Amino acid sequence: MSDVLVVAEHRRGELRDVSYELLTAGKELADATDGELHAAVISGPVEEYADKLDRPGVDQIHAVENGEEFNHGIYTQVAAQLANAVDAQYILAGNTVNGLDFAPALAERLGLPLVTDAVDIETDDGLSVVRELYGGKTEGTVDIDSERALLTIRPGEWPEADGTGDAAIEPFEADIDESAVRSTVTGFEEVRTGDVDISDADVLVSVGRGIEDEENIELIEELADAIGATVSASRPIVDNGWLPPDRQVGQSGKKVSPDIYIAIGISGAVQHVAGMKGSETIIAINDDPSAPIYDIADYGIVDDLFDVVPALTEQFGE
Ligand SMILES: Cc1cc2nc3c(=O)[nH]c(=O)nc-3n(C[C@H](O)[C@H](O)[C@H](O)COP(=O)(O)OP(=O)(O)OC[C@H]3O[C@@H](n4cnc5c(N)ncnc54)[C@H](O)[C@@H]3O)c2cc1C
């Protein structure tokens with residue numbers, strides 16, 4: 001037993017990027033253990049998804065027709081049966097809303113250890129999983145003292161598998177106990193959106209909790225106007241209702257990759273960085289020189305934003 005099973009993820013008719021990242025992580029693990037790489041795609045147009053998941057290095061794709069969208073009860077049962085059917089040593093899912101929904105139940109069902117939010121995997125001496133601790137300030141390594149294990153991987157940490165493979169695509173008939181399916185997806189509700197798509201912007205001026213008060217957002221909007229940028233934000237600003245949800249950058253917001261990203265009063269928490277680390281040039285304005293945003297910033301102004309921002313607006317306005 002040394003095979004790896006990854007559980008792909010999709011939503012509303014689209015495979016999510018993390019599915020291809022899971023293939024890369026899974027392949028890494030399968031190579032290190034001389035095993036095969038299996039992918040499971042559960043619910044929705046599974047044949048279409050399976051074709052897309054057929055990337056180099058994938059040995060078998062198991063297509064499981066059952067409903068349209070993610071469902072806790074279905075995923076838990078199918079993944080457990082599949083893991084046992086292919087005798088998977090390691091099972092991988094995304095560290096996402098869906099992955100974190102079913103992985104603990106799957107681990108419990110299979111009696112396996114679960115390590116969440118992996119940012120790296122080491123296989124030199126057994127399996128070790130690297131996780132970030134204290135909001136990304138340090139890293140810890142979890143040595144897995146078990147022959148089988150379940151991992152969730154953080155989105156954006158592995159490159160997406162690319163190219164066309166020659167995997168065997170096979171249907172898998174799961175034996176579903178309907179009495180254990182206790183929830184269903186009845187529909188989707190769009191979050192309130194505005195007319196701005198921050199993921200399209202070339203220059204973003206992003207504001208964080210350092211701005212202190214809703215009325216101070218104006219300072220950021222003035223700077224954005226002066227340089228022809230779009231305003232985005234970290235989550236607390238959106239949670240406070242100071243800017244609409246479509247302006248949020250990060251793991252639970254939008255992924256952006258502008259030419260210039262100016263982070264103002266933003267600490268650089270991992271969940272924020274996950275959404276903006278692909279930016280071409282990152283400029284941070286933060287009065288705390290040890291703020292994690294400076295770990296990824298290309299340029300920084302370590303000073304009070306209430307002095308720096310108006311000065312920049314004035315300068316660019318001229
Ligand atoms: C499941 C989950 C998902 C999440 N998703 C997201 C997400 O999508 N996006 C997101 O942003 N966060 C997300 N978060 C929240 C995230 O963990 C952080 O709490 C958040 O990013 C912090 O926002 P911030 O940097 O604006 O605030 P803080 O961490 O409070 O940082 C404020 C910064 O402003 C600086 N500052 C204060 N005053 C000044 C001043 N006068 N001048 C200059 N600098 C100043 C401080 O030094 C500090 O570094 C998520 C959290 C969880 C658990």
# chains A, B, ... in the order shown; residues from 1 in each chain; ligands from 1
call {"tool": "residues_near_ligand", "arguments": {"ligand": "ligand 1", "cutoff": "7 Å", "atoms": "only C-alpha atoms and all ligand atoms", "output": "ChimeraX atom specification"}}
result
/A:207-211,233-237,248-253,264-272,275,285-288,291,303-306
call {"tool": "write_last_selection", "arguments": {"atoms": "N, CA, C and O atoms", "output": "compact mmCIF listing (two decimals), in the first residue's frame"}}
result
# COMPACT_ATOMS: atom_id res chain seq x y z
N VAL A 207 -6.48 48.61 1.85
CA VAL A 207 -6.51 49.20 3.19
C VAL A 207 -6.84 48.14 4.24
O VAL A 207 -7.65 47.27 4.02
N GLY A 208 -6.16 48.26 5.37
CA GLY A 208 -6.37 47.31 6.47
C GLY A 208 -6.77 48.00 7.76
O GLY A 208 -7.04 49.21 7.79
N ARG A 209 -6.78 47.22 8.82
CA ARG A 209 -7.31 47.68 10.11
C ARG A 209 -6.56 48.89 10.67
O ARG A 209 -7.08 49.62 11.51
N GLY A 210 -5.32 49.09 10.18
CA GLY A 210 -4.56 50.26 10.63
C GLY A 210 -5.27 51.57 10.34
O GLY A 210 -4.93 52.61 10.92
N ILE A 211 -6.28 51.56 9.49
CA ILE A 211 -6.99 52.80 9.13
C ILE A 211 -7.91 53.27 10.26
O ILE A 211 -8.37 54.40 10.28
N ALA A 233 -9.24 45.79 0.06
CA ALA A 233 -9.15 45.80 1.52
C ALA A 233 -8.83 44.44 2.10
O ALA A 233 -8.97 43.41 1.44
N SER A 234 -8.40 44.47 3.35
CA SER A 234 -8.28 43.21 4.10
C SER A 234 -9.65 42.90 4.71
O SER A 234 -10.56 43.72 4.71
N ARG A 235 -9.75 41.73 5.27
CA ARG A 235 -11.07 41.25 5.72
C ARG A 235 -11.73 42.09 6.82
O ARG A 235 -12.94 42.31 6.79
N PRO A 236 -10.95 42.56 7.84
CA PRO A 236 -11.65 43.31 8.89
C PRO A 236 -12.40 44.53 8.36
O PRO A 236 -13.44 44.90 8.90
N ILE A 237 -11.88 45.13 7.30
CA ILE A 237 -12.53 46.31 6.73
C ILE A 237 -13.89 45.92 6.15
O ILE A 237 -14.87 46.64 6.28
N GLN A 248 -12.67 42.56 -0.97
CA GLN A 248 -11.79 41.82 -0.05
C GLN A 248 -10.77 40.96 -0.80
O GLN A 248 -11.11 40.16 -1.65
N VAL A 249 -9.51 41.12 -0.40
CA VAL A 249 -8.42 40.33 -0.95
C VAL A 249 -8.08 39.23 0.04
O VAL A 249 -8.01 39.47 1.24
N GLY A 250 -7.87 38.03 -0.45
CA GLY A 250 -7.40 36.97 0.46
C GLY A 250 -8.06 35.64 0.24
O GLY A 250 -8.83 35.45 -0.70
N GLN A 251 -7.74 34.76 1.15
CA GLN A 251 -8.21 33.38 1.09
C GLN A 251 -9.73 33.28 0.95
O GLN A 251 -10.24 32.49 0.18
N SER A 252 -10.44 34.10 1.72
CA SER A 252 -11.90 34.05 1.62
C SER A 252 -12.43 35.23 0.82
O SER A 252 -13.63 35.48 0.78
N GLY A 253 -11.51 35.95 0.18
CA GLY A 253 -11.90 37.04 -0.71
C GLY A 253 -11.43 36.74 -2.11
O GLY A 253 -11.50 35.60 -2.55
N ILE A 264 -1.76 49.11 2.87
CA ILE A 264 -1.69 50.21 3.85
C ILE A 264 -2.36 49.79 5.16
O ILE A 264 -3.55 49.46 5.19
N GLY A 265 -1.57 49.76 6.22
CA GLY A 265 -2.12 49.36 7.52
C GLY A 265 -2.62 47.93 7.52
O GLY A 265 -3.60 47.59 8.17
N ILE A 266 -1.91 47.09 6.76
CA ILE A 266 -2.25 45.66 6.67
C ILE A 266 -1.07 44.88 7.23
O ILE A 266 0.08 45.10 6.83
N SER A 267 -1.36 43.94 8.14
CA SER A 267 -0.25 43.24 8.81
C SER A 267 0.41 42.19 7.92
O SER A 267 1.60 41.91 8.05
N GLY A 268 -0.37 41.59 7.01
CA GLY A 268 0.19 40.53 6.15
C GLY A 268 -0.07 39.14 6.71
O GLY A 268 0.77 38.24 6.62
N ALA A 269 -1.28 38.95 7.25
CA ALA A 269 -1.67 37.62 7.74
C ALA A 269 -1.71 36.65 6.56
O ALA A 269 -1.98 37.07 5.43
N VAL A 270 -1.45 35.37 6.84
CA VAL A 270 -1.38 34.38 5.75
C VAL A 270 -2.63 34.39 4.89
O VAL A 270 -2.55 34.24 3.67
N GLN A 271 -3.78 34.56 5.53
CA GLN A 271 -5.03 34.51 4.76
C GLN A 271 -5.13 35.70 3.81
O GLN A 271 -5.78 35.61 2.78
N HIS A 272 -4.50 36.81 4.17
CA HIS A 272 -4.49 37.96 3.26
C HIS A 272 -3.47 37.75 2.15
O HIS A 272 -3.77 37.91 0.96
N GLY A 275 -4.05 35.84 -1.04
CA GLY A 275 -4.79 36.45 -2.15
C GLY A 275 -4.00 37.44 -2.95
O GLY A 275 -4.46 37.88 -4.01
N ILE A 285 2.91 49.98 3.59
CA ILE A 285 3.00 51.14 4.49
C ILE A 285 2.47 50.66 5.84
O ILE A 285 1.29 50.36 5.99
N ASN A 286 3.38 50.52 6.78
CA ASN A 286 3.02 49.97 8.08
C ASN A 286 4.03 50.47 9.10
O ASN A 286 5.24 50.43 8.86
N ASP A 287 3.56 50.95 10.23
CA ASP A 287 4.49 51.53 11.21
C ASP A 287 5.19 50.48 12.08
O ASP A 287 6.02 50.83 12.92
N ASP A 288 4.84 49.21 11.87
CA ASP A 288 5.50 48.14 12.63
C ASP A 288 6.52 47.43 11.72
O ASP A 288 6.13 46.69 10.81
N ALA A 291 6.08 43.72 11.02
CA ALA A 291 4.83 43.19 10.44
C ALA A 291 5.19 42.21 9.31
O ALA A 291 6.07 42.48 8.50
N ASP A 303 6.22 53.76 8.67
CA ASP A 303 5.83 55.05 9.26
C ASP A 303 4.32 55.05 9.46
O ASP A 303 3.63 54.13 9.03
N ASP A 304 3.86 56.13 10.07
CA ASP A 304 2.43 56.27 10.34
C ASP A 304 1.69 56.55 9.04
O ASP A 304 1.99 57.53 8.34
N LEU A 305 0.72 55.71 8.74
CA LEU A 305 -0.02 55.88 7.47
C LEU A 305 -0.73 57.22 7.41
O LEU A 305 -0.95 57.77 6.32
N PHE A 306 -1.10 57.77 8.58
CA PHE A 306 -1.83 59.04 8.58
C PHE A 306 -0.91 60.21 8.19
O PHE A 306 -1.40 61.28 7.84
call {"tool": "residues_around", "arguments": {"residues": "Ser232 in chain A", "least_positions_apart": "4", "cutoff": "9 Å", "atoms": "only C-alpha atoms", "output": "ChimeraX atom specification"}}
result
/A:198,204-207,243,246-249
call {"tool": "write_last_selection", "arguments": {"atoms": "all heavy atoms", "output": "PDB file, in the first residue's frame"}}
result
ATOM      1  N   ILE A 198     -11.813  43.820  -8.566  1.00  0.00           N
ATOM      2  CA  ILE A 198     -10.438  44.097  -8.130  1.00  0.00           C
ATOM      3  C   ILE A 198      -9.439  43.127  -8.771  1.00  0.00           C
ATOM      4  O   ILE A 198      -8.257  43.439  -8.891  1.00  0.00           O
ATOM      5  CB  ILE A 198     -10.289  44.075  -6.581  1.00  0.00           C
ATOM      6  CG1 ILE A 198     -10.750  42.747  -5.987  1.00  0.00           C
ATOM      7  CG2 ILE A 198     -11.015  45.236  -5.951  1.00  0.00           C
ATOM      8  CD1 ILE A 198     -10.381  42.575  -4.520  1.00  0.00           C
ATOM      9  N   LEU A 204      -3.608  48.323  -7.217  1.00  0.00           N
ATOM     10  CA  LEU A 204      -4.548  48.259  -6.101  1.00  0.00           C
ATOM     11  C   LEU A 204      -3.974  48.991  -4.897  1.00  0.00           C
ATOM     12  O   LEU A 204      -2.801  48.801  -4.555  1.00  0.00           O
ATOM     13  CB  LEU A 204      -4.816  46.804  -5.706  1.00  0.00           C
ATOM     14  CG  LEU A 204      -5.782  46.011  -6.585  1.00  0.00           C
ATOM     15  CD1 LEU A 204      -5.808  44.547  -6.156  1.00  0.00           C
ATOM     16  CD2 LEU A 204      -7.189  46.601  -6.527  1.00  0.00           C
ATOM     17  N   VAL A 205      -4.788  49.825  -4.286  1.00  0.00           N
ATOM     18  CA  VAL A 205      -4.423  50.425  -3.008  1.00  0.00           C
ATOM     19  C   VAL A 205      -5.304  49.719  -1.986  1.00  0.00           C
ATOM     20  O   VAL A 205      -6.523  49.853  -2.001  1.00  0.00           O
ATOM     21  CB  VAL A 205      -4.700  51.942  -3.012  1.00  0.00           C
ATOM     22  CG1 VAL A 205      -4.438  52.513  -1.633  1.00  0.00           C
ATOM     23  CG2 VAL A 205      -3.815  52.649  -4.034  1.00  0.00           C
ATOM     24  N   SER A 206      -4.676  48.944  -1.132  1.00  0.00           N
ATOM     25  CA  SER A 206      -5.441  48.069  -0.248  1.00  0.00           C
ATOM     26  C   SER A 206      -5.348  48.559   1.186  1.00  0.00           C
ATOM     27  O   SER A 206      -4.253  48.846   1.681  1.00  0.00           O
ATOM     28  CB  SER A 206      -4.874  46.656  -0.368  1.00  0.00           C
ATOM     29  OG  SER A 206      -5.875  45.708  -0.166  1.00  0.00           O
ATOM     30  N   VAL A 207      -6.481  48.611   1.850  1.00  0.00           N
ATOM     31  CA  VAL A 207      -6.510  49.200   3.185  1.00  0.00           C
ATOM     32  C   VAL A 207      -6.839  48.143   4.241  1.00  0.00           C
ATOM     33  O   VAL A 207      -7.653  47.269   4.018  1.00  0.00           O
ATOM     34  CB  VAL A 207      -7.512  50.393   3.229  1.00  0.00           C
ATOM     35  CG1 VAL A 207      -8.912  49.955   2.782  1.00  0.00           C
ATOM     36  CG2 VAL A 207      -7.581  51.016   4.604  1.00  0.00           C
ATOM     37  N   LEU A 243     -16.231  48.625   3.547  1.00  0.00           N
ATOM     38  CA  LEU A 243     -16.164  48.456   2.085  1.00  0.00           C
ATOM     39  C   LEU A 243     -16.926  47.171   1.752  1.00  0.00           C
ATOM     40  O   LEU A 243     -17.020  46.269   2.587  1.00  0.00           O
ATOM     41  CB  LEU A 243     -14.711  48.356   1.597  1.00  0.00           C
ATOM     42  CG  LEU A 243     -13.912  49.658   1.542  1.00  0.00           C
ATOM     43  CD1 LEU A 243     -12.445  49.398   1.215  1.00  0.00           C
ATOM     44  CD2 LEU A 243     -14.494  50.648   0.515  1.00  0.00           C
ATOM     45  N   ASP A 246     -16.913  42.551  -2.264  1.00  0.00           N
ATOM     46  CA  ASP A 246     -16.163  42.309  -3.506  1.00  0.00           C
ATOM     47  C   ASP A 246     -14.811  43.028  -3.507  1.00  0.00           C
ATOM     48  O   ASP A 246     -14.035  42.891  -4.443  1.00  0.00           O
ATOM     49  CB  ASP A 246     -16.998  42.674  -4.738  1.00  0.00           C
ATOM     50  CG  ASP A 246     -17.440  44.120  -4.741  1.00  0.00           C
ATOM     51  OD1 ASP A 246     -17.342  44.768  -3.687  1.00  0.00           O
ATOM     52  OD2 ASP A 246     -17.902  44.595  -5.793  1.00  0.00           O
ATOM     53  N   ARG A 247     -14.522  43.785  -2.463  1.00  0.00           N
ATOM     54  CA  ARG A 247     -13.208  44.455  -2.380  1.00  0.00           C
ATOM     55  C   ARG A 247     -12.217  43.637  -1.549  1.00  0.00           C
ATOM     56  O   ARG A 247     -11.059  44.026  -1.404  1.00  0.00           O
ATOM     57  CB  ARG A 247     -13.351  45.839  -1.722  1.00  0.00           C
ATOM     58  CG  ARG A 247     -14.295  46.785  -2.431  1.00  0.00           C
ATOM     59  CD  ARG A 247     -13.752  47.198  -3.771  1.00  0.00           C
ATOM     60  NE  ARG A 247     -14.665  48.108  -4.454  1.00  0.00           N
ATOM     61  CZ  ARG A 247     -14.351  49.336  -4.847  1.00  0.00           C
ATOM     62  NH1 ARG A 247     -13.146  49.798  -4.654  1.00  0.00           N
ATOM     63  NH2 ARG A 247     -15.231  50.092  -5.457  1.00  0.00           N
ATOM     64  N   GLN A 248     -12.674  42.562  -0.965  1.00  0.00           N
ATOM     65  CA  GLN A 248     -11.786  41.817  -0.052  1.00  0.00           C
ATOM     66  C   GLN A 248     -10.771  40.961  -0.796  1.00  0.00           C
ATOM     67  O   GLN A 248     -11.112  40.157  -1.649  1.00  0.00           O
ATOM     68  CB  GLN A 248     -12.602  40.903   0.868  1.00  0.00           C
ATOM     69  CG  GLN A 248     -11.736  40.179   1.886  1.00  0.00           C
ATOM     70  CD  GLN A 248     -12.531  39.247   2.768  1.00  0.00           C
ATOM     71  OE1 GLN A 248     -13.628  39.594   3.190  1.00  0.00           O
ATOM     72  NE2 GLN A 248     -12.000  38.079   3.037  1.00  0.00           N
ATOM     73  N   VAL A 249      -9.511  41.118  -0.397  1.00  0.00           N
ATOM     74  CA  VAL A 249      -8.416  40.327  -0.950  1.00  0.00           C
ATOM     75  C   VAL A 249      -8.084  39.227   0.044  1.00  0.00           C
ATOM     76  O   VAL A 249      -8.010  39.471   1.243  1.00  0.00           O
ATOM     77  CB  VAL A 249      -7.163  41.220  -1.142  1.00  0.00           C
ATOM     78  CG1 VAL A 249      -5.964  40.388  -1.568  1.00  0.00           C
ATOM     79  CG2 VAL A 249      -7.441  42.317  -2.162  1.00  0.00           C
TER      80      VAL A 249
END
call {"tool": "closest_residue", "arguments": {"among": "A:Ser146, A:Thr186, A:Ser179, A:Thr123", "to": "Ala25 in chain A", "atoms": "only C-alpha atoms"}}
result
A:Thr123
call {"tool": "select_by_dssp", "arguments": {"residues": "range 119-271 of chain A", "states": "strand (DSSP E)", "output": "MDAnalysis selection string"}}
result
chainID A and resid 120:122 128:133 138:143 149:153 168:171 203:207 230:233 260:264
call {"tool": "residues_around", "arguments": {"residues": "Val18 in chain A", "least_positions_apart": "5", "cutoff": "10 Å", "atoms": "only C-alpha atoms", "output": "list in words"}}
result
Ala8, Glu9, His10, Leu23, Thr24, Ala93, Gly94, Asn95, Thr96, Ile153, Arg154, Pro155, Gly156, Glu157, Trp158, Pro159, Glu160 and Ala161 of chain A
call {"tool": "residues_around", "arguments": {"residues": "Val64 in chain A", "least_positions_apart": "4", "cutoff": "7 Å", "atoms": "only C-alpha atoms", "output": "mmCIF file with N, CA and C atoms, in the first residue's frame"}}
result
data_model
loop_
_atom_site.group_PDB
_atom_site.id
_atom_site.type_symbol
_atom_site.label_atom_id
_atom_site.label_comp_id
_atom_site.auth_asym_id
_atom_site.auth_seq_id
_atom_site.Cartn_x
_atom_site.Cartn_y
_atom_site.Cartn_z
ATOM 1 N N VAL A 41 -13.183 12.295 -8.502
ATOM 2 C CA VAL A 41 -14.031 13.454 -8.760
ATOM 3 C C VAL A 41 -15.470 13.009 -8.491
ATOM 4 N N ILE A 42 -16.075 13.709 -7.552
ATOM 5 C CA ILE A 42 -17.370 13.270 -7.014
ATOM 6 C C ILE A 42 -18.431 14.334 -7.307
ATOM 7 N N SER A 43 -19.512 13.939 -7.932
ATOM 8 C CA SER A 43 -20.663 14.806 -8.248
ATOM 9 C C SER A 43 -20.397 15.748 -9.422
ATOM 10 N N VAL A 46 -19.019 14.607 -14.029
ATOM 11 C CA VAL A 46 -17.751 13.980 -13.615
ATOM 12 C C VAL A 46 -16.861 13.585 -14.794
ATOM 13 N N PRO A 171 -15.549 4.759 -13.901
ATOM 14 C CA PRO A 171 -16.621 5.106 -12.966
ATOM 15 C C PRO A 171 -16.456 4.317 -11.673
ATOM 16 N N PHE A 172 -16.861 4.912 -10.578
ATOM 17 C CA PHE A 172 -16.825 4.200 -9.297
ATOM 18 C C PHE A 172 -18.231 4.240 -8.705
ATOM 19 N N GLU A 173 -18.750 3.074 -8.425
ATOM 20 C CA GLU A 173 -20.098 2.976 -7.859
ATOM 21 C C GLU A 173 -19.981 2.925 -6.338
#
call {"tool": "select_by_dssp", "arguments": {"residues": "range 12-169 of chain A", "states": "alpha helix (DSSP H)", "output": "PyMOL selection string"}}
result
chain A and resi 17-32+46-53+72-85+97-110
call {"tool": "write_last_selection", "arguments": {"atoms": "C-alpha atoms", "output": "PDB file, in the first residue's frame"}}
result
ATOM      1  CA  ASP A  17      -7.556  25.517  -9.064  1.00  0.00           C
ATOM      2  CA  VAL A  18      -6.766  23.589  -5.899  1.00  0.00           C
ATOM      3  CA  SER A  19      -7.699  20.380  -7.743  1.00  0.00           C
ATOM      4  CA  TYR A  20      -4.697  20.780 -10.038  1.00  0.00           C
ATOM      5  CA  GLU A  21      -2.504  21.753  -7.079  1.00  0.00           C
ATOM      6  CA  LEU A  22      -3.619  18.581  -5.324  1.00  0.00           C
ATOM      7  CA  LEU A  23      -2.434  16.598  -8.337  1.00  0.00           C
ATOM      8  CA  THR A  24       1.024  18.147  -8.029  1.00  0.00           C
ATOM      9  CA  ALA A  25       1.241  17.485  -4.292  1.00  0.00           C
ATOM     10  CA  GLY A  26      -0.170  13.989  -4.780  1.00  0.00           C
ATOM     11  CA  LYS A  27       2.332  13.215  -7.530  1.00  0.00           C
ATOM     12  CA  GLU A  28       5.185  14.396  -5.288  1.00  0.00           C
ATOM     13  CA  LEU A  29       4.006  12.016  -2.601  1.00  0.00           C
ATOM     14  CA  ALA A  30       3.325   9.111  -4.983  1.00  0.00           C
ATOM     15  CA  ASP A  31       6.806   9.461  -6.504  1.00  0.00           C
ATOM     16  CA  ALA A  32       8.426   9.530  -3.075  1.00  0.00           C
ATOM     17  CA  VAL A  46     -17.751  13.980 -13.615  1.00  0.00           C
ATOM     18  CA  GLU A  47     -16.636  12.827 -17.062  1.00  0.00           C
ATOM     19  CA  GLU A  48     -15.894  16.383 -18.134  1.00  0.00           C
ATOM     20  CA  TYR A  49     -14.021  16.983 -14.876  1.00  0.00           C
ATOM     21  CA  ALA A  50     -12.137  13.705 -15.223  1.00  0.00           C
ATOM     22  CA  ASP A  51     -10.900  14.712 -18.698  1.00  0.00           C
ATOM     23  CA  LYS A  52      -9.608  17.981 -17.275  1.00  0.00           C
ATOM     24  CA  LEU A  53      -7.888  16.218 -14.391  1.00  0.00           C
ATOM     25  CA  HIS A  72     -20.670  16.396   3.215  1.00  0.00           C
ATOM     26  CA  GLY A  73     -22.472  13.059   3.584  1.00  0.00           C
ATOM     27  CA  ILE A  74     -21.776  11.931   0.021  1.00  0.00           C
ATOM     28  CA  TYR A  75     -18.122  13.008  -0.064  1.00  0.00           C
ATOM     29  CA  THR A  76     -17.352  11.403   3.279  1.00  0.00           C
ATOM     30  CA  GLN A  77     -18.850   8.069   2.295  1.00  0.00           C
ATOM     31  CA  VAL A  78     -17.509   7.989  -1.263  1.00  0.00           C
ATOM     32  CA  ALA A  79     -13.977   9.052  -0.316  1.00  0.00           C
ATOM     33  CA  ALA A  80     -13.863   6.442   2.462  1.00  0.00           C
ATOM     34  CA  GLN A  81     -14.996   3.657   0.140  1.00  0.00           C
ATOM     35  CA  LEU A  82     -12.659   4.744  -2.608  1.00  0.00           C
ATOM     36  CA  ALA A  83      -9.680   5.086  -0.277  1.00  0.00           C
ATOM     37  CA  ASN A  84     -10.249   1.523   0.872  1.00  0.00           C
ATOM     38  CA  ALA A  85     -10.950   0.225  -2.645  1.00  0.00           C
ATOM     39  CA  VAL A  97     -14.269  25.240   2.987  1.00  0.00           C
ATOM     40  CA  ASN A  98     -15.258  21.937   1.347  1.00  0.00           C
ATOM     41  CA  GLY A  99     -12.077  20.064   2.284  1.00  0.00           C
ATOM     42  CA  LEU A 100     -12.298  21.164   5.892  1.00  0.00           C
ATOM     43  CA  ASP A 101     -15.950  20.167   5.902  1.00  0.00           C
ATOM     44  CA  PHE A 102     -15.510  16.513   4.998  1.00  0.00           C
ATOM     45  CA  ALA A 103     -11.856  15.679   5.849  1.00  0.00           C
ATOM     46  CA  PRO A 104     -12.344  15.431   9.642  1.00  0.00           C
ATOM     47  CA  ALA A 105     -15.361  13.132   9.160  1.00  0.00           C
ATOM     48  CA  LEU A 106     -13.404  11.058   6.658  1.00  0.00           C
ATOM     49  CA  ALA A 107     -10.447  10.778   9.046  1.00  0.00           C
ATOM     50  CA  GLU A 108     -12.800   9.665  11.789  1.00  0.00           C
ATOM     51  CA  ARG A 109     -14.531   7.147   9.518  1.00  0.00           C
ATOM     52  CA  LEU A 110     -11.213   5.632   8.409  1.00  0.00           C
TER      53      LEU A 110
END
call {"tool": "residues_around", "arguments": {"residues": "Val86 in chain A", "least_positions_apart": "2", "cutoff": "12 Å", "atoms": "only C-alpha atoms", "output": "VMD selection string"}}
result
chain A and resid 1 to 6 35 to 40 59 to 62 79 to 84 88 to 91 172
call {"tool": "closest_residue", "arguments": {"among": "A:Ala229, A:Gly44, A:Val302, A:Gly111", "to": "Phe316 in chain A", "atoms": "only C-alpha atoms"}}
result
A:Ala229
call {"tool": "closest_residue", "arguments": {"among": "A:Glu214, A:Asp197, A:Asp34, A:Asp162", "to": "Thr230 in chain A", "atoms": "only C-alpha atoms"}}
result
A:Asp197
call {"tool": "closest_residue", "arguments": {"among": "A:Thr281, A:Val203, A:Gly241, A:Glu170", "to": "Glu215 in chain A", "atoms": "only C-alpha atoms"}}
result
A:Gly241
call {"tool": "residues_around", "arguments": {"residues": "Arg131 in chain A", "least_positions_apart": "6", "cutoff": "10 Å", "atoms": "only C-alpha atoms", "output": "ChimeraX atom specification"}}
result
/A:115-121,138-142,153-154
